[in-house]
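Chemist: So here's model15.pdb, just PDB, C-alpha atoms and all ligand atoms:
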ATOM      1  CA  MET J   1      43.115-203.164  48.284  1.00  0.00           C
ATOM      2  CA  LEU J   2      40.161-205.472  48.754  1.00  0.00           C
ATOM      3  CA  GLY J   3      40.530-208.479  51.001  1.00  0.00           C
ATOM      4  CA  ARG J   4      40.390-212.025  49.685  1.00  0.00           C
ATOM      5  CA  VAL J   5      36.869-212.840  50.881  1.00  0.00           C
ATOM      6  CA  GLU J   6      35.352-209.545  49.735  1.00  0.00           C
ATOM      7  CA  LYS J   7      36.951-209.972  46.316  1.00  0.00           C
ATOM      8  CA  TYR J   8      35.565-213.505  46.115  1.00  0.00           C
ATOM      9  CA  LEU J   9      32.038-212.316  46.995  1.00  0.00           C
ATOM     10  CA  LEU J  10      32.148-209.527  44.404  1.00  0.00           C
ATOM     11  CA  GLU J  11      33.424-211.912  41.739  1.00  0.00           C
ATOM     12  CA  ARG J  12      30.689-214.437  42.458  1.00  0.00           C
ATOM     13  CA  ILE J  13      28.025-211.722  42.375  1.00  0.00           C
ATOM     14  CA  LYS J  14      29.399-210.541  39.037  1.00  0.00           C
ATOM     15  CA  ALA J  15      29.441-214.042  37.608  1.00  0.00           C
ATOM     16  CA  GLU J  16      26.125-215.292  39.001  1.00  0.00           C
ATOM     17  CA  GLY J  17      23.934-212.171  39.289  1.00  0.00           C
ATOM     18  CA  ALA J  18      22.804-212.926  42.820  1.00  0.00           C
ATOM     19  CA  ILE J  19      24.391-215.279  45.313  1.00  0.00           C
ATOM     20  CA  HIS J  20      23.299-217.158  48.395  1.00  0.00           C
ATOM     21  CA  ILE J  21      24.941-217.210  51.810  1.00  0.00           C
ATOM     22  CA  THR J  22      24.000-219.621  54.582  1.00  0.00           C
ATOM     23  CA  LEU J  23      23.698-218.287  58.115  1.00  0.00           C
ATOM     24  CA  VAL J  24      24.555-220.630  60.957  1.00  0.00           C
ATOM     25  CA  ASP J  25      23.360-219.531  64.378  1.00  0.00           C
ATOM     26  CA  PRO J  26      25.862-220.937  66.891  1.00  0.00           C
ATOM     27  CA  GLU J  27      23.186-220.847  69.595  1.00  0.00           C
ATOM     28  CA  LYS J  28      21.202-223.465  67.752  1.00  0.00           C
ATOM     29  CA  VAL J  29      23.797-226.038  66.725  1.00  0.00           C
ATOM     30  CA  THR J  30      26.484-228.298  68.070  1.00  0.00           C
ATOM     31  CA  PRO J  31      29.807-228.268  66.202  1.00  0.00           C
ATOM     32  CA  PRO J  32      29.030-231.567  64.360  1.00  0.00           C
ATOM     33  CA  GLN J  33      25.618-230.208  63.333  1.00  0.00           C
ATOM     34  CA  ALA J  34      27.274-227.005  62.101  1.00  0.00           C
ATOM     35  CA  SER J  35      29.632-229.115  59.950  1.00  0.00           C
ATOM     36  CA  ARG J  36      26.735-231.009  58.407  1.00  0.00           C
ATOM     37  CA  VAL J  37      24.798-227.837  57.693  1.00  0.00           C
ATOM     38  CA  ALA J  38      27.833-226.224  56.062  1.00  0.00           C
ATOM     39  CA  GLU J  39      28.578-229.300  53.971  1.00  0.00           C
ATOM     40  CA  ASN J  40      24.999-229.607  52.724  1.00  0.00           C
ATOM     41  CA  ALA J  41      24.782-225.896  52.011  1.00  0.00           C
ATOM     42  CA  LYS J  42      28.054-225.960  50.126  1.00  0.00           C
ATOM     43  CA  ASN J  43      26.935-228.929  48.048  1.00  0.00           C
ATOM     44  CA  SER J  44      23.751-227.026  47.246  1.00  0.00           C
ATOM     45  CA  GLY J  45      25.829-224.137  45.859  1.00  0.00           C
ATOM     46  CA  THR J  46      25.926-221.610  48.717  1.00  0.00           C
ATOM     47  CA  SER J  47      28.799-219.134  48.372  1.00  0.00           C
ATOM     48  CA  ALA J  48      29.868-218.644  51.986  1.00  0.00           C
ATOM     49  CA  ILE J  49      28.902-219.441  55.566  1.00  0.00           C
ATOM     50  CA  MET J  50      27.976-216.641  57.941  1.00  0.00           C
ATOM     51  CA  ILE J  51      28.171-217.385  61.645  1.00  0.00           C
ATOM     52  CA  GLY J  52      26.236-215.368  64.197  1.00  0.00           C
ATOM     53  CA  GLY J  53      23.053-214.956  66.207  1.00  0.00           C
ATOM     54  CA  SER J  54      21.217-212.310  68.179  1.00  0.00           C
ATOM     55  CA  THR J  55      21.824-213.452  71.713  1.00  0.00           C
ATOM     56  CA  PHE J  56      24.732-214.663  73.770  1.00  0.00           C
ATOM     57  CA  VAL J  57      26.885-217.648  72.989  1.00  0.00           C
ATOM     58  CA  SER J  58      30.083-218.588  74.818  1.00  0.00           C
ATOM     59  CA  GLN J  59      33.393-217.886  73.132  1.00  0.00           C
ATOM     60  CA  ALA J  60      34.423-221.520  73.445  1.00  0.00           C
ATOM     61  CA  HIS J  61      31.269-222.723  71.694  1.00  0.00           C
ATOM     62  CA  LEU J  62      31.568-220.119  68.933  1.00  0.00           C
ATOM     63  CA  ASP J  63      35.196-221.133  68.353  1.00  0.00           C
ATOM     64  CA  ALA J  64      34.226-224.819  68.213  1.00  0.00           C
ATOM     65  CA  VAL J  65      31.446-224.130  65.692  1.00  0.00           C
ATOM     66  CA  VAL J  66      33.693-222.034  63.437  1.00  0.00           C
ATOM     67  CA  LYS J  67      36.487-224.621  63.601  1.00  0.00           C
ATOM     68  CA  ALA J  68      34.101-227.454  62.758  1.00  0.00           C
ATOM     69  CA  ILE J  69      32.799-225.572  59.713  1.00  0.00           C
ATOM     70  CA  LYS J  70      36.297-224.682  58.547  1.00  0.00           C
ATOM     71  CA  ARG J  71      37.396-228.285  58.797  1.00  0.00           C
ATOM     72  CA  THR J  72      34.501-229.360  56.593  1.00  0.00           C
ATOM     73  CA  VAL J  73      34.195-226.767  53.824  1.00  0.00           C
ATOM     74  CA  LYS J  74      36.587-224.563  51.931  1.00  0.00           C
ATOM     75  CA  ILE J  75      34.135-221.749  51.152  1.00  0.00           C
ATOM     76  CA  PRO J  76      34.727-218.609  53.273  1.00  0.00           C
ATOM     77  CA  THR J  77      33.468-218.293  56.835  1.00  0.00           C
ATOM     78  CA  ILE J  78      32.284-214.786  57.695  1.00  0.00           C
ATOM     79  CA  LEU J  79      31.395-213.763  61.234  1.00  0.00           C
ATOM     80  CA  PHE J  80      28.105-211.923  61.677  1.00  0.00           C
ATOM     81  CA  PRO J  81      28.580-210.526  65.193  1.00  0.00           C
ATOM     82  CA  ASN J  82      25.847-209.062  67.352  1.00  0.00           C
ATOM     83  CA  ASN J  83      28.436-207.919  69.877  1.00  0.00           C
ATOM     84  CA  ILE J  84      32.144-208.246  70.621  1.00  0.00           C
ATOM     85  CA  THR J  85      31.475-211.773  71.872  1.00  0.00           C
ATOM     86  CA  GLY J  86      30.719-212.745  68.266  1.00  0.00           C
ATOM     87  CA  ILE J  87      34.381-212.582  67.250  1.00  0.00           C
ATOM     88  CA  SER J  88      36.327-215.796  66.704  1.00  0.00           C
ATOM     89  CA  ARG J  89      39.957-216.021  65.643  1.00  0.00           C
ATOM     90  CA  HIS J  90      39.196-219.076  63.510  1.00  0.00           C
ATOM     91  CA  ALA J  91      37.010-217.410  60.856  1.00  0.00           C
ATOM     92  CA  ASP J  92      38.224-215.963  57.563  1.00  0.00           C
ATOM     93  CA  ALA J  93      36.414-212.638  57.683  1.00  0.00           C
ATOM     94  CA  ILE J  94      33.993-210.553  59.701  1.00  0.00           C
ATOM     95  CA  TRP J  95      31.161-208.286  58.653  1.00  0.00           C
ATOM     96  CA  PHE J  96      32.494-205.125  60.272  1.00  0.00           C
ATOM     97  CA  MET J  97      29.062-203.665  60.682  1.00  0.00           C
ATOM     98  CA  SER J  98      27.201-200.770  62.208  1.00  0.00           C
ATOM     99  CA  LEU J  99      23.488-200.940  62.976  1.00  0.00           C
ATOM    100  CA  LEU J 100      22.530-197.745  61.172  1.00  0.00           C
ATOM    101  CA  ASN J 101      19.076-197.393  62.714  1.00  0.00           C
ATOM    102  CA  SER J 102      19.992-198.140  66.311  1.00  0.00           C
ATOM    103  CA  VAL J 103      19.293-195.458  68.911  1.00  0.00           C
ATOM    104  CA  ASP J 104      22.133-196.809  71.035  1.00  0.00           C
ATOM    105  CA  PRO J 105      25.605-195.465  70.177  1.00  0.00           C
ATOM    106  CA  TYR J 106      27.031-198.792  71.370  1.00  0.00           C
ATOM    107  CA  PHE J 107      25.639-200.532  68.277  1.00  0.00           C
ATOM    108  CA  LEU J 108      26.624-197.661  65.992  1.00  0.00           C
ATOM    109  CA  ILE J 109      30.282-197.328  67.010  1.00  0.00           C
ATOM    110  CA  GLY J 110      30.885-198.508  70.599  1.00  0.00           C
ATOM    111  CA  ALA J 111      31.131-202.249  69.975  1.00  0.00           C
ATOM    112  CA  GLN J 112      33.182-201.585  66.847  1.00  0.00           C
ATOM    113  CA  VAL J 113      35.770-199.608  68.842  1.00  0.00           C
ATOM    114  CA  LEU J 114      36.076-202.459  71.330  1.00  0.00           C
ATOM    115  CA  GLY J 115      36.193-205.115  68.622  1.00  0.00           C
ATOM    116  CA  ALA J 116      38.554-203.498  66.098  1.00  0.00           C
ATOM    117  CA  PRO J 117      41.798-204.319  67.957  1.00  0.00           C
ATOM    118  CA  LEU J 118      40.698-207.970  68.248  1.00  0.00           C
ATOM    119  CA  VAL J 119      39.891-208.151  64.540  1.00  0.00           C
ATOM    120  CA  LYS J 120      43.403-206.900  63.823  1.00  0.00           C
ATOM    121  CA  LYS J 121      45.050-209.178  66.363  1.00  0.00           C
ATOM    122  CA  TYR J 122      43.274-212.252  64.972  1.00  0.00           C
ATOM    123  CA  GLY J 123      44.045-211.282  61.353  1.00  0.00           C
ATOM    124  CA  LEU J 124      40.355-211.409  60.378  1.00  0.00           C
ATOM    125  CA  GLU J 125      39.410-209.695  57.139  1.00  0.00           C
ATOM    126  CA  PRO J 126      36.985-206.877  57.992  1.00  0.00           C
ATOM    127  CA  ILE J 127      34.263-206.287  55.407  1.00  0.00           C
ATOM    128  CA  SER J 128      32.533-202.977  56.011  1.00  0.00           C
ATOM    129  CA  MET J 129      28.750-203.241  56.101  1.00  0.00           C
ATOM    130  CA  GLY J 130      25.822-200.995  57.021  1.00  0.00           C
ATOM    131  CA  TYR J 131      23.064-202.976  58.740  1.00  0.00           C
ATOM    132  CA  VAL J 132      19.496-201.702  58.528  1.00  0.00           C
ATOM    133  CA  ILE J 133      16.690-203.441  60.404  1.00  0.00           C
ATOM    134  CA  VAL J 134      13.323-203.267  58.688  1.00  0.00           C
ATOM    135  CA  GLY J 135       9.808-204.596  59.203  1.00  0.00           C
ATOM    136  CA  ASP J 136       9.070-205.891  62.682  1.00  0.00           C
ATOM    137  CA  GLY J 137      12.796-206.224  63.296  1.00  0.00           C
ATOM    138  CA  GLY J 138      12.628-209.456  65.298  1.00  0.00           C
ATOM    139  CA  THR J 139      15.153-210.289  67.999  1.00  0.00           C
ATOM    140  CA  ALA J 140      17.924-208.341  66.252  1.00  0.00           C
ATOM    141  CA  GLY J 141      15.789-205.212  66.422  1.00  0.00           C
ATOM    142  CA  ILE J 142      15.193-205.565  70.154  1.00  0.00           C
ATOM    143  CA  VAL J 143      18.751-206.521  71.059  1.00  0.00           C
ATOM    144  CA  GLY J 144      20.210-203.785  68.844  1.00  0.00           C
ATOM    145  CA  LYS J 145      17.753-201.126  70.093  1.00  0.00           C
ATOM    146  CA  ALA J 146      16.767-200.311  66.554  1.00  0.00           C
ATOM    147  CA  ILE J 147      13.844-198.292  65.325  1.00  0.00           C
ATOM    148  CA  PRO J 148      12.939-200.654  62.494  1.00  0.00           C
ATOM    149  CA  VAL J 149      12.040-199.040  59.186  1.00  0.00           C
ATOM    150  CA  PRO J 150       8.412-199.971  58.384  1.00  0.00           C
ATOM    151  CA  TYR J 151       7.939-201.960  55.187  1.00  0.00           C
ATOM    152  CA  ASN J 152       5.725-199.219  53.775  1.00  0.00           C
ATOM    153  CA  LYS J 153       8.563-196.663  53.995  1.00  0.00           C
ATOM    154  CA  PRO J 154      11.043-197.909  51.391  1.00  0.00           C
ATOM    155  CA  GLU J 155      12.444-194.420  50.853  1.00  0.00           C
ATOM    156  CA  LEU J 156      13.537-194.342  54.516  1.00  0.00           C
ATOM    157  CA  ALA J 157      15.370-197.636  54.126  1.00  0.00           C
ATOM    158  CA  ALA J 158      17.019-196.168  51.031  1.00  0.00           C
ATOM    159  CA  ALA J 159      18.090-193.051  52.962  1.00  0.00           C
ATOM    160  CA  HIS J 160      19.752-195.233  55.618  1.00  0.00           C
ATOM    161  CA  ALA J 161      21.467-197.305  52.943  1.00  0.00           C
ATOM    162  CA  LEU J 162      22.696-194.266  51.054  1.00  0.00           C
ATOM    163  CA  ALA J 163      24.068-192.748  54.251  1.00  0.00           C
ATOM    164  CA  GLY J 164      25.955-196.018  54.804  1.00  0.00           C
ATOM    165  CA  GLN J 165      27.379-195.852  51.305  1.00  0.00           C
ATOM    166  CA  TYR J 166      28.445-192.220  51.743  1.00  0.00           C
ATOM    167  CA  LEU J 167      30.136-193.145  55.006  1.00  0.00           C
ATOM    168  CA  GLY J 168      32.254-195.573  53.011  1.00  0.00           C
ATOM    169  CA  MET J 169      30.553-198.892  53.747  1.00  0.00           C
ATOM    170  CA  HIS J 170      30.989-201.581  51.095  1.00  0.00           C
ATOM    171  CA  PHE J 171      27.755-203.546  51.581  1.00  0.00           C
ATOM    172  CA  ILE J 172      24.262-202.805  52.884  1.00  0.00           C
ATOM    173  CA  TYR J 173      22.223-205.470  54.678  1.00  0.00           C
ATOM    174  CA  LEU J 174      18.439-205.112  54.802  1.00  0.00           C
ATOM    175  CA  GLU J 175      17.424-207.287  57.739  1.00  0.00           C
ATOM    176  CA  GLY J 176      13.823-208.393  58.110  1.00  0.00           C
ATOM    177  CA  GLY J 177      14.660-210.336  61.280  1.00  0.00           C
ATOM    178  CA  SER J 178      15.391-214.039  61.535  1.00  0.00           C
ATOM    179  CA  GLY J 179      12.194-216.029  61.074  1.00  0.00           C
ATOM    180  CA  ALA J 180      10.258-212.938  59.939  1.00  0.00           C
ATOM    181  CA  LYS J 181       6.739-213.854  58.820  1.00  0.00           C
ATOM    182  CA  THR J 182       6.989-211.371  55.990  1.00  0.00           C
ATOM    183  CA  PRO J 183      10.402-211.009  54.370  1.00  0.00           C
ATOM    184  CA  VAL J 184      11.682-207.648  53.100  1.00  0.00           C
ATOM    185  CA  PRO J 185       9.212-206.663  50.358  1.00  0.00           C
ATOM    186  CA  PRO J 186      10.509-206.525  46.771  1.00  0.00           C
ATOM    187  CA  GLU J 187       9.403-202.890  46.538  1.00  0.00           C
ATOM    188  CA  MET J 188      11.697-201.899  49.393  1.00  0.00           C
ATOM    189  CA  ILE J 189      14.589-203.879  47.885  1.00  0.00           C
ATOM    190  CA  HIS J 190      13.968-202.237  44.529  1.00  0.00           C
ATOM    191  CA  THR J 191      13.922-198.708  45.992  1.00  0.00           C
ATOM    192  CA  VAL J 192      17.103-199.251  48.003  1.00  0.00           C
ATOM    193  CA  LYS J 193      18.877-200.821  45.036  1.00  0.00           C
ATOM    194  CA  HIS J 194      17.911-197.865  42.892  1.00  0.00           C
ATOM    195  CA  PHE J 195      19.486-195.454  45.416  1.00  0.00           C
ATOM    196  CA  VAL J 196      22.750-197.197  46.254  1.00  0.00           C
ATOM    197  CA  GLY J 197      25.665-198.331  44.178  1.00  0.00           C
ATOM    198  CA  ILE J 198      27.007-200.969  46.552  1.00  0.00           C
ATOM    199  CA  PRO J 199      25.952-204.616  46.873  1.00  0.00           C
ATOM    200  CA  LEU J 200      22.751-205.271  48.744  1.00  0.00           C
ATOM    201  CA  ILE J 201      22.305-208.184  51.133  1.00  0.00           C
ATOM    202  CA  VAL J 202      18.764-209.218  52.066  1.00  0.00           C
ATOM    203  CA  GLY J 203      17.675-211.685  54.725  1.00  0.00           C
ATOM    204  CA  GLY J 204      14.986-212.611  57.202  1.00  0.00           C
ATOM    205  CA  GLY J 205      12.087-214.950  56.524  1.00  0.00           C
ATOM    206  CA  ILE J 206      13.162-216.098  53.054  1.00  0.00           C
ATOM    207  CA  ARG J 207      11.910-219.700  53.083  1.00  0.00           C
ATOM    208  CA  THR J 208      10.950-220.534  49.530  1.00  0.00           C
ATOM    209  CA  LYS J 209      12.318-220.441  46.039  1.00  0.00           C
ATOM    210  CA  GLU J 210       9.618-217.914  45.099  1.00  0.00           C
ATOM    211  CA  LEU J 211      10.532-215.508  47.912  1.00  0.00           C
ATOM    212  CA  ALA J 212      14.238-215.788  47.045  1.00  0.00           C
ATOM    213  CA  LEU J 213      13.509-215.192  43.396  1.00  0.00           C
ATOM    214  CA  ALA J 214      11.362-212.153  44.222  1.00  0.00           C
ATOM    215  CA  ALA J 215      14.153-210.661  46.376  1.00  0.00           C
ATOM    216  CA  ALA J 216      16.857-211.336  43.780  1.00  0.00           C
ATOM    217  CA  SER J 217      14.725-210.020  40.918  1.00  0.00           C
ATOM    218  CA  ALA J 218      14.064-206.831  42.902  1.00  0.00           C
ATOM    219  CA  GLY J 219      17.813-206.220  43.200  1.00  0.00           C
ATOM    220  CA  ALA J 220      19.237-208.215  46.114  1.00  0.00           C
ATOM    221  CA  ASP J 221      22.822-209.219  45.319  1.00  0.00           C
ATOM    222  CA  VAL J 222      23.091-211.589  48.266  1.00  0.00           C
ATOM    223  CA  ILE J 223      20.276-213.649  49.756  1.00  0.00           C
ATOM    224  CA  VAL J 224      20.860-214.906  53.287  1.00  0.00           C
ATOM    225  CA  THR J 225      18.897-217.771  54.777  1.00  0.00           C
ATOM    226  CA  GLY J 226      19.285-219.140  58.265  1.00  0.00           C
ATOM    227  CA  ASN J 227      16.145-220.702  59.681  1.00  0.00           C
ATOM    228  CA  ILE J 228      15.415-223.118  56.863  1.00  0.00           C
ATOM    229  CA  ILE J 229      18.548-225.110  57.669  1.00  0.00           C
ATOM    230  CA  GLU J 230      16.745-226.370  60.761  1.00  0.00           C
ATOM    231  CA  ARG J 231      14.254-228.256  58.610  1.00  0.00           C
ATOM    232  CA  ILE J 232      14.671-231.926  57.792  1.00  0.00           C
ATOM    233  CA  ASP J 233      14.498-231.197  54.081  1.00  0.00           C
ATOM    234  CA  ALA J 234      16.962-228.300  54.454  1.00  0.00           C
ATOM    235  CA  LYS J 235      19.328-229.560  51.784  1.00  0.00           C
ATOM    236  CA  GLN J 236      16.609-229.634  49.178  1.00  0.00           C
ATOM    237  CA  LYS J 237      15.261-226.256  50.304  1.00  0.00           C
ATOM    238  CA  VAL J 238      18.640-224.561  50.020  1.00  0.00           C
ATOM    239  CA  SER J 239      19.152-226.129  46.578  1.00  0.00           C
ATOM    240  CA  GLU J 240      15.752-224.871  45.457  1.00  0.00           C
ATOM    241  CA  ILE J 241      16.469-221.372  46.700  1.00  0.00           C
ATOM    242  CA  ILE J 242      19.824-221.278  44.970  1.00  0.00           C
ATOM    243  CA  ASP J 243      18.317-222.626  41.754  1.00  0.00           C
ATOM    244  CA  GLY J 244      15.669-219.941  42.075  1.00  0.00           C
ATOM    245  CA  ILE J 245      18.115-217.050  42.218  1.00  0.00           C
ATOM    246  CA  LYS J 246      20.691-218.406  39.756  1.00  0.00           C
ATOM    247  CA  GLY J 247      21.222-216.105  36.838  1.00  0.00           C
ATOM    248  CA  THR J 248      18.336-213.855  37.928  1.00  0.00           C
ATOM    249  CA  ARG J 249      19.933-210.697  36.729  1.00  0.00           C
ATOM    250  CA  GLN J 250      22.249-211.852  33.962  1.00  0.00           C
TER     251      GLN J 250
HETATM  252  C1  LIG W   1      18.771-213.305  60.003  1.00  0.00           C
HETATM  253  O1  LIG W   1      18.614-212.447  57.805  1.00  0.00           O
HETATM  254  C2  LIG W   1      18.966-213.569  58.547  1.00  0.00           C
HETATM  255  O2  LIG W   1      19.770-212.480  60.483  1.00  0.00           O
HETATM  256  C3  LIG W   1      18.309-214.834  58.108  1.00  0.00           C
HETATM  257  O3  LIG W   1      16.949-214.923  58.470  1.00  0.00           O
HETATM  258  O4  LIG W   1      16.748-217.085  59.693  1.00  0.00           O
HETATM  259  O5  LIG W   1      14.732-216.025  58.661  1.00  0.00           O
HETATM  260  O6  LIG W   1      16.479-217.078  57.237  1.00  0.00           O
HETATM  261  P1  LIG W   1      16.193-216.360  58.517  1.00  0.00           P
END
Could you render the structure as structure tokens?

Modeler:
Amino acid sequence: MLGRVEKYLLERIKAEGAIHITLVDPEKVTPPQASRVAENAKNSGTSAIMIGGSTFVSQAHLDAVVKAIKRTVKIPTILFPNNITGISRHADAIWFMSLLNSVDPYFLIGAQVLGAPLVKKYGLEPISMGYVIVGDGGTAGIVGKAIPVPYNKPELAAAHALAGQYLGMHFIYLEGGSGAKTPVPPEMIHTVKHFVGIPLIVGGGIRTKELALAAASAGADVIVTGNIIERIDAKQKVSEIIDGIKGTRQ
């Protein structure tokens, strides 16, 4: 039985071809700012709000950010934890993820073992996801002790993704790193998509309609953007990106 949020994501992907999710980094916003970002993103057509960052944020602040977003928008809130401190009881769901190219067992299974009982206790919907850091990897790569897959090795990214699928994961996330100068190249997205039969999430450095369109056309089912919401013209940017990917693969 699929959970409510996962079912919703799959239905939207089916209906729209590729969807957009907005990432809110709780380290960078106050709760009122998080509300505004979520409201603007929702009005622009984003499908869900992901909440998470690469470094530490206090539990109280994370809770306040999630609550503020939930009060403002009805689209699902999905936690994107970098550690067990990224879990809040107020969200709808959580990417229950393993960093497939980490050399540290903590990020492969250790944090998940510690977090699983909390996810159950809080009644969060876990959505199983294999996380693969590619390119220069950014902060997530350093914090997660990953060996990032170079952009010129798409077949290696595909091997990681396929292993995730065979382990039973429901989604694969190709992460170029927040603020990446060069987002995940279309060729890598295309190769991974060709290998795996589960939805593909792509994020990191996608700042323009053209880049979003290129990622969606190459096979990304979900485009995640975070950084652009810090811009003054964020609302317009998010709208452009969503317009760009709409109906790409119908
Ligand atoms: C980072 O993939 C996300 O985890 C989003 O990246 O902040 O560069 O949009 P940006």

Chemist: Please give me, as an NGL selection string, the residues lying within 6 Å of ligand LIG 1 (chain W) when counting all atoms listed in the file.

Modeler: :J and (175 or 177-180 or 203-206 or 224-227)

Chemist: Hey, which of J:Lys74, J:Arg4, J:Val149, J:Thr182 ends up closest to J:Glu39? Count all atoms listed in the file.

Modeler: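 Of all the options, J:Lys74 lies closest to J:Glu39.
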
Chemist: Quick one: which residues end up in the PyMOL selection byres (((chain J and resi 136) around 9) and not hetatm) for this structure, as a list in words?

Modeler: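 For this structure, the PyMOL selection byres (((chain J and resi 136) around 9) and not hetatm) resolves to Ile133, Val134, Gly135, Gly137, Gly138, Gly141, Pro148, Val149, Pro150, Tyr151, Gly176, Gly177, Ala180 and Thr182 of chain J.
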
Chemist: Find the residues around J:Ile69 up to 8 Å (all atoms listed in the file counted), leave out those fewer than 5 positions away in its own chain, and share them as an MDAnalysis selection string.

Modeler: chainID J and resid 31 34:35 38 77

Chemist: I need the residue set behind the PyMOL selection byres (((chain J and resi 154) around 10) and not hetatm) for this file; please write it as a list in words.

Modeler: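 Given this file, the PyMOL selection byres (((chain J and resi 154) around 10) and not hetatm) evaluates to Val134, Val149, Pro150, Tyr151, Asn152, Lys153, Glu155, Leu156, Ala157, Ala158, Ala159, Val184, Pro185, Pro186, Glu187, Met188, Ile189, His190, Thr191 and Val192 of chain J.
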
Chemist: Tell me which residues the PyMOL selection byres (((chain J and resi 146) around 8) and not hetatm) grabs here, as JSON, numbers by chain.

Modeler: {"J": [99, 101, 102, 103, 104, 133, 137, 141, 142, 143, 144, 145, 147, 148]}

Chemist: Please identify all polymer residues within 8 Å of J:Asp63, counting all atoms listed in the file, omitting same-chain residues fewer than 2 positions from it, and present them as a PyMOL selection string.

Modeler: chain J and resi 59-61+65-67+88-90

Chemist: Pick the closest to J:Ala93 from J:Pro26, J:Pro76, J:Gly244, J:Gly17: which is it, counting all atoms listed in the file?

Modeler: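 Closest to J:Ala93, using all atoms listed in the file: J:Pro76.
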
Chemist: Nearest to J:Val57 among J:Gly168, J:Gly115, J:Gly86, J:Pro32, with distances taken over only C-alpha atoms: which residue is it?

Modeler: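 Under the stated criterion, the closest residue is J:Gly86.
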
Chemist: Measuring atom to atom with all atoms listed in the file, identify which of J:Arg12, J:Lys193, J:His20, J:Lys120 is nearest to J:Val238.

Modeler: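 Selected residue with least distance to J:Val238: J:His20.
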
Chemist: Pick out the closest residue to J:Phe171 from this set: J:Gln112, J:Ser217, J:Thr139, J:Ser98. Count all atoms listed in the file.

Modeler: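 Closest candidate: J:Ser98.
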
Chemist: What is the distance, in Å and to one decimal place, between atom CA of J:Asn83 and atom CA of J:Leu62?

Modeler: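 Atom CA of J:Asn83 sits 12.6 Å away from atom CA of J:Leu62.
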
Chemist: Calculated over only C-alpha atoms, which of the candidates J:Tyr106, J:Phe56, J:Tyr8, J:Tyr131 has the smallest distance to J:Ile172?

Modeler: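 Ranked by minimum distance to J:Ile172, first place goes to J:Tyr131.
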
Chemist: Within 8 Å of J:Val222, counting only C-alpha atoms, which residues qualify if same-chain residues fewer than 4 places away don't, as a list in words?

Modeler: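 Close residues of J:Val222: Ile13, Ala18, Ile19, His20, Ile21, Pro199, Leu200, Ile201, Val202 and Ala216 of chain J.
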
Chemist: Do you know which residues are at most 12 Å from J:Glu240 counting only C-alpha atoms, after dropping those on the same chain fewer than 2 positions away, and could you put them as a list in words?

Modeler: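 Using only C-alpha atoms, the neighbours found are His20, Ala41, Ser44, Gly45, Thr46, Ile206, Arg207, Thr208, Lys209, Glu210, Leu211, Ala212, Leu213, Ile228, Asp233, Ala234, Lys235, Gln236, Lys237, Val238, Ile242, Asp243, Gly244, Ile245 and Lys246 of chain J.
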
Chemist: Interatomic distance between atom CA of J:Ser128 and atom CA of J:Ala218?

Modeler: 23.0 Å

Chemist: Starting from 3 Å padding per side, set up an axis-aligned box that covers all listed atoms of stretch 224-228 of chain J and hand over centre and edge lengths in Å, one decimal, as JSON.

Modeler:
{"center_x": 18.1, "center_y": -219.0, "center_z": 56.5, "size_x": 11.4, "size_y": 14.2, "size_z": 12.4}

Chemist: Provide the atom CA of J:Ile87 to atom CA of J:Ile223 distance in Å, to one decimal place.

Modeler: 22.5 Å
